[in-house]
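Report on one structure; see the data block that follows.
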Amino acid sequence: MKKIIFAALFMMIASALSAQISLGPKIGYTTNKLSTDKSDITSDLKNSFIYGAFLRLGDKWYIQPEINFYTAGGVFKTPDIASPNPVNDEVELKTIQIPLYIGLTLADLKLAKIRAQAGPTANIYTEKKINPLSGSTYASIKETDINDIQWGFQFGAGVDVLMFTLDVQYYLGLNNVISDIEVGGEKVTFDSKSKGFMVTLGWKII
């Protein structure tokens, strides 16, 4: 079974490499939420512009690696800031995102092509900022509490019209961004994962 899967994947890659090539920049908008499994800590959505570039190899079936840049994060806080161990921190993560999509053209309408794609992605955090809020003098979350990379999975759909390509993607983090924090001298399990939507517009210059 594994040999059949590897053979099919090899044929797909070989077909893509010998077929149509598209390349260009892309810009867009992303909503990102760092969720947590702590019932007494809430977090909100962070919206950000995203920009980068894509390379598409293939036509009917295609492979599309990308490199994108954006800011992820959110605000983590306990409902009662006056509690003995409050959390009220804004987290900002400068991110390099590197997805690798495998896609399929579902319909070719001459003027437009409708596509579906999915694949793994790596989010590399190049800069971490933690800002204490509401007059706090220290942050409960520290830079060392945040992992340097998060692996994820993205899937969605897109449409090509002339030289433009529009994509809508959903991102789901697979490992924690923040695992544990120290609050009031105590180690607290703080499992958090990233998720969100991304809408981008690309321009095929090739």
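Lettering and numbering for the structure tokens are positional, with chains as A, B, ... in the shown order, residues counted from 1 in each chain, and ligands counted from 1 in the shown order.
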
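Using only C-alpha atoms, the residues found no farther than 8 Å from Gly103 in chain A, other than those of its own chain fewer than 4 positions away, are Trp61, Tyr62, Ile63, Gln64, Arg115, Ala116, Gln117 and Ala118 of chain A.
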
Check: Could you name the residues that touch Thr121 in chain A at 12 Å or less, counting only C-alpha atoms, but leaving out those on the same chain fewer than 4 positions away, as a list in words?
Finding: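 Counting only the stated atoms, we get Gln64, Pro65, Glu66, Ile67, Asn68, Ile96, Gln97, Ile98, Pro99, Leu100, Tyr101, Ile102, Ile149, Gln150, Trp151, Gly152, Phe153, Gln154, Phe155, Gln169, Tyr170, Tyr171, Leu172, Gly173, Leu174 and Asn175 of chain A.
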
May I have the selected residues written with N, CA and C atoms, as an mmCIF file, in the first residue's frame?
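The resulting part_38.cif:
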data_model
loop_
_atom_site.group_PDB
_atom_site.id
_atom_site.type_symbol
_atom_site.label_atom_id
_atom_site.label_comp_id
_atom_site.auth_asym_id
_atom_site.auth_seq_id
_atom_site.Cartn_x
_atom_site.Cartn_y
_atom_site.Cartn_z
ATOM 1 N N GLN A 64 1.733 23.662 -4.668
ATOM 2 C CA GLN A 64 1.898 25.107 -4.472
ATOM 3 C C GLN A 64 2.590 25.409 -3.147
ATOM 4 N N PRO A 65 3.912 25.584 -3.163
ATOM 5 C CA PRO A 65 4.594 26.094 -1.966
ATOM 6 C C PRO A 65 4.460 27.617 -1.901
ATOM 7 N N GLU A 66 4.474 28.154 -0.675
ATOM 8 C CA GLU A 66 4.366 29.593 -0.478
ATOM 9 C C GLU A 66 5.284 30.025 0.656
ATOM 10 N N ILE A 67 5.549 31.316 0.717
ATOM 11 C CA ILE A 67 6.161 31.920 1.891
ATOM 12 C C ILE A 67 5.397 33.204 2.194
ATOM 13 N N ASN A 68 4.899 33.319 3.432
ATOM 14 C CA ASN A 68 4.059 34.442 3.813
ATOM 15 C C ASN A 68 4.566 35.055 5.116
ATOM 16 N N ILE A 96 6.744 33.880 10.021
ATOM 17 C CA ILE A 96 6.991 33.431 8.649
ATOM 18 C C ILE A 96 6.233 32.124 8.472
ATOM 19 N N GLN A 97 5.313 32.112 7.545
ATOM 20 C CA GLN A 97 4.493 30.923 7.298
ATOM 21 C C GLN A 97 4.932 30.267 5.986
ATOM 22 N N ILE A 98 5.189 28.952 6.044
ATOM 23 C CA ILE A 98 5.623 28.216 4.857
ATOM 24 C C ILE A 98 4.687 27.020 4.643
ATOM 25 N N PRO A 99 3.626 27.199 3.865
ATOM 26 C CA PRO A 99 2.735 26.073 3.553
ATOM 27 C C PRO A 99 3.156 25.351 2.277
ATOM 28 N N LEU A 100 2.730 24.098 2.171
ATOM 29 C CA LEU A 100 2.923 23.316 0.948
ATOM 30 C C LEU A 100 1.591 22.656 0.606
ATOM 31 N N TYR A 101 0.926 23.191 -0.405
ATOM 32 C CA TYR A 101 -0.399 22.703 -0.784
ATOM 33 C C TYR A 101 -0.310 21.672 -1.905
ATOM 34 N N ILE A 102 -1.225 20.728 -1.858
ATOM 35 C CA ILE A 102 -1.540 19.882 -3.004
ATOM 36 C C ILE A 102 -2.956 20.247 -3.422
ATOM 37 N N ILE A 149 8.316 27.392 16.767
ATOM 38 C CA ILE A 149 7.654 26.945 15.540
ATOM 39 C C ILE A 149 6.374 26.202 15.897
ATOM 40 N N GLN A 150 5.367 26.384 15.083
ATOM 41 C CA GLN A 150 4.137 25.612 15.213
ATOM 42 C C GLN A 150 3.823 24.964 13.868
ATOM 43 N N TRP A 151 3.581 23.652 13.914
ATOM 44 C CA TRP A 151 3.157 22.928 12.720
ATOM 45 C C TRP A 151 1.645 22.977 12.626
ATOM 46 N N GLY A 152 1.142 23.050 11.403
ATOM 47 C CA GLY A 152 -0.295 23.136 11.229
ATOM 48 C C GLY A 152 -0.746 22.497 9.928
ATOM 49 N N PHE A 153 -2.041 22.632 9.687
ATOM 50 C CA PHE A 153 -2.650 22.099 8.468
ATOM 51 C C PHE A 153 -3.612 23.146 7.941
ATOM 52 N N GLN A 154 -3.550 23.418 6.637
ATOM 53 C CA GLN A 154 -4.426 24.397 6.007
ATOM 54 C C GLN A 154 -5.213 23.752 4.870
ATOM 55 N N PHE A 155 -6.447 24.179 4.712
ATOM 56 C CA PHE A 155 -7.259 23.684 3.605
ATOM 57 C C PHE A 155 -8.246 24.769 3.207
ATOM 58 N N GLN A 169 -8.590 30.237 2.971
ATOM 59 C CA GLN A 169 -8.015 29.093 3.670
ATOM 60 C C GLN A 169 -8.402 29.103 5.153
ATOM 61 N N TYR A 170 -8.471 27.908 5.730
ATOM 62 C CA TYR A 170 -8.635 27.760 7.174
ATOM 63 C C TYR A 170 -7.387 27.094 7.720
ATOM 64 N N TYR A 171 -6.837 27.676 8.792
ATOM 65 C CA TYR A 171 -5.611 27.154 9.385
ATOM 66 C C TYR A 171 -5.917 26.525 10.745
ATOM 67 N N LEU A 172 -5.318 25.365 10.998
ATOM 68 C CA LEU A 172 -5.502 24.661 12.267
ATOM 69 C C LEU A 172 -4.136 24.228 12.788
ATOM 70 N N GLY A 173 -3.718 24.777 13.937
ATOM 71 C CA GLY A 173 -2.443 24.419 14.537
ATOM 72 C C GLY A 173 -2.482 23.023 15.133
ATOM 73 N N LEU A 174 -1.385 22.297 15.002
ATOM 74 C CA LEU A 174 -1.325 20.918 15.475
ATOM 75 C C LEU A 174 -0.580 20.775 16.798
ATOM 76 N N ASN A 175 0.337 21.684 17.094
ATOM 77 C CA ASN A 175 1.039 21.635 18.374
ATOM 78 C C ASN A 175 0.871 22.972 19.103
#

From the list A:Gln20, A:Thr105, A:Val168, A:Lys128, the nearest residue to Val199 in chain A using only C-alpha atoms is A:Val168

List the spatial neighbours of Asp160 in chain A as a PyMOL selection string - criterion: any atom at most 7 Å away, only C-alpha atoms, same-chain residues fewer than 4 positions off excluded.
chain A and resi 112-114+164-166

Of A:Ile50, A:Leu201, A:Leu34, A:Ala72, the one sitting nearest Val159 in chain A when using only C-alpha atoms is A:Leu201

Can you tell me, as a PyMOL selection string, what residues are no more than 12 Å from Lys33 in chain A when counting only C-alpha atoms, ignoring any on the same chain fewer than 2 positions away?
chain A and resi 30-31+35-36+42-48+71-76+91-93+170-173+177+192-198

Taking the backbone alone, and naming residues the way the document does, which bits of range 122-151 of chain A are strand (DSSP E) by DSSP, as an NGL selection string? :A and (122-132 or 149-151)
